[in-house]
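Remarks on the structure that follows.
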Amino acid sequence: MWLVIAGLVGMMMSLLGVWLFYRTKLFLARAIPAEGQYVDATWTTSMPSQQQSQVGTIAFQTADGQAIQFNGRLATPFESQKVGRTVRVLYDPANPEDALIDSFIEIWMPSVIFGGVGAGWLLATLIVLWL
């Protein structure tokens with residue numbers, strides 16, 4: 001029974017990873033680059049480990065001059081998100097609030113994590129079934 005559940009979890013996570021990858025590819029196809037700047041960095045505490053992490057707020061201007069602010073996707077335990085630091089941003093011109101920092105981690109990490117963990121669960125389930 002647990003093997004069926006593990007296989008289903010692996011399949012669902014893999015499908016989510018594929019969906020996130022596809023959604024990211026669609027975003028990148030229409031995204032426009034802009035120069036952004038960290039305007040704030042909020043420290044948060046994670047519950048299980050009580051570790052302090054920092055979430056950055058980035059401001060940028062769209063091609064038509066609209067001022068936009070957004071929060072980065074990932075929190076970091078170090079001060080890489082210093083106020084005033086410039087960073088390249090990608091945004092959807094139809095919805096400028098849909099923006100990301102132009103880095104591998106911000107763009108691809110969700111699909112890599114879900115796809116990789118899901119594929120690992122599926123592989124482990126298949127190996128156990130095969131043995």
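To be explicit about the labels: the chains of the structure tokens are called A, B, and onward in the order shown, and within each one the residues are counted from 1, while ligands get numbers from 1 in the order they are shown.
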Residues within 7 Å of region 49-62 of chain A, please, as a short mmCIF file (atom, residue, chain, number, x, y, z; two decimals) with N, CA and C atoms, in the first residue's frame. Count only C-alpha atoms; anything in the same chain fewer than 4 positions from it doesn't count.
```
data_model
loop_
_atom_site.label_atom_id
_atom_site.label_comp_id
_atom_site.auth_asym_id
_atom_site.auth_seq_id
_atom_site.Cartn_x
_atom_site.Cartn_y
_atom_site.Cartn_z
N ALA A 34 14.41 44.39 -17.30
CA ALA A 34 14.48 45.74 -16.75
C ALA A 34 15.53 45.75 -15.65
N GLU A 35 16.00 46.94 -15.33
CA GLU A 35 16.95 47.12 -14.24
C GLU A 35 16.16 47.38 -12.96
N GLY A 36 16.36 46.53 -11.95
CA GLY A 36 15.67 46.69 -10.68
C GLY A 36 16.65 47.04 -9.57
N GLN A 37 16.10 47.38 -8.43
CA GLN A 37 16.93 47.73 -7.28
C GLN A 37 16.23 47.27 -6.01
N TYR A 38 17.02 46.67 -5.11
CA TYR A 38 16.47 46.30 -3.81
C TYR A 38 16.12 47.57 -3.04
N VAL A 39 14.87 47.66 -2.59
CA VAL A 39 14.43 48.83 -1.83
C VAL A 39 14.13 48.47 -0.38
N ASP A 40 14.03 47.18 -0.09
CA ASP A 40 13.76 46.75 1.27
C ASP A 40 14.16 45.29 1.40
N ALA A 41 14.49 44.89 2.60
CA ALA A 41 14.80 43.49 2.89
C ALA A 41 14.21 43.19 4.26
N THR A 42 13.25 42.29 4.28
CA THR A 42 12.55 41.95 5.51
C THR A 42 13.08 40.63 6.06
N TRP A 43 13.44 40.64 7.32
CA TRP A 43 13.91 39.41 7.97
C TRP A 43 12.70 38.64 8.47
N THR A 44 12.70 37.33 8.21
CA THR A 44 11.65 36.45 8.70
C THR A 44 12.30 35.29 9.44
N THR A 45 11.51 34.61 10.27
CA THR A 45 12.00 33.46 11.02
C THR A 45 11.20 32.24 10.62
N GLN A 66 5.92 52.79 -15.75
CA GLN A 66 5.14 52.43 -14.57
C GLN A 66 6.07 51.89 -13.47
N ALA A 67 5.92 52.40 -12.25
CA ALA A 67 6.74 51.95 -11.12
C ALA A 67 6.11 50.70 -10.50
N ILE A 68 6.92 49.66 -10.35
CA ILE A 68 6.44 48.37 -9.82
C ILE A 68 7.37 47.93 -8.69
N GLN A 69 6.78 47.32 -7.66
CA GLN A 69 7.54 46.67 -6.59
C GLN A 69 7.03 45.24 -6.45
N PHE A 70 7.95 44.32 -6.17
CA PHE A 70 7.57 42.94 -5.91
C PHE A 70 8.56 42.31 -4.94
N ASN A 71 8.14 41.24 -4.31
CA ASN A 71 9.00 40.50 -3.39
C ASN A 71 9.64 39.34 -4.15
N GLY A 72 10.92 39.08 -3.85
CA GLY A 72 11.59 37.94 -4.43
C GLY A 72 10.92 36.64 -3.99
N LEU A 74 12.47 33.77 -3.13
CA LEU A 74 13.22 32.99 -2.16
C LEU A 74 13.78 33.85 -1.05
N ALA A 75 13.77 33.29 0.15
CA ALA A 75 14.41 33.94 1.29
C ALA A 75 15.81 33.35 1.44
N THR A 76 16.77 34.18 1.81
CA THR A 76 18.13 33.71 2.00
C THR A 76 18.59 34.00 3.42
N PRO A 77 19.44 33.14 3.98
CA PRO A 77 19.90 33.35 5.35
C PRO A 77 21.08 34.31 5.46
N PHE A 78 21.42 35.00 4.40
CA PHE A 78 22.54 35.93 4.43
C PHE A 78 22.12 37.24 3.78
N GLN A 81 20.72 40.58 -0.17
CA GLN A 81 19.69 41.46 -0.68
C GLN A 81 19.80 42.85 -0.05
#
```
Margin query: I'd like the contact shell of region 110-118 of chain A - 6 Å cut-off, only C-alpha atoms, skipping same-chain residues fewer than 5 positions apart - returned as a list in words.
Written below: Gly10, Met13, Ser14, Gly17, Leu20 and Phe21 of chain A
Output the selection as a PDB file, in the first residue's frame - C-alpha atoms for each residue.
```pdb
ATOM      1  CA  GLY A  10       6.157  10.851  -7.128  1.00  0.00           C
ATOM      2  CA  MET A  13       5.273  15.940  -7.913  1.00  0.00           C
ATOM      3  CA  SER A  14       6.763  15.113 -11.322  1.00  0.00           C
ATOM      4  CA  GLY A  17       7.456  20.008 -11.932  1.00  0.00           C
ATOM      5  CA  LEU A  20       6.004  24.652 -13.520  1.00  0.00           C
ATOM      6  CA  PHE A  21       8.644  24.183 -16.224  1.00  0.00           C
TER       7      PHE A  21
END
```
Check: For the atom pair CA of Met1 (chain A) and CA of Leu131 (chain A), what is the interatomic distance in Å to one decimal place?
Finding: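 Result for CA of Met1 (chain A) versus CA of Leu131 (chain A): 16.3 Å, one decimal.
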Item checked: strand (DSSP E) per DSSP on the backbone: members of region 30-64 of chain A, as a ChimeraX atom specification -> /A:32-45,52-61
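Once Leu129 (chain A) and its same-chain neighbours fewer than 2 positions away are set aside, A:Met1, A:Trp2, A:Leu3, A:Val4, A:Ala6, A:Gly7, A:Leu122, A:Leu123, A:Ala124, A:Thr125, A:Leu126, A:Ile127, A:Leu131 remain within 12 Å of it when counting only C-alpha atoms.
Our summary of the geometry notes that CA of Met109 (chain A) is positioned 14.4 Å from CA of Leu28 (chain A).
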Margin query: Based on the backbone DSSP call, show me all residues of chain A assigned alpha helix (DSSP H), as a count of residues only.
Written below: 56
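For the atom pair formed by CA of Gly120 (chain A) and CA of Leu15 (chain A), the distance is 12.7 Å, given to one decimal.
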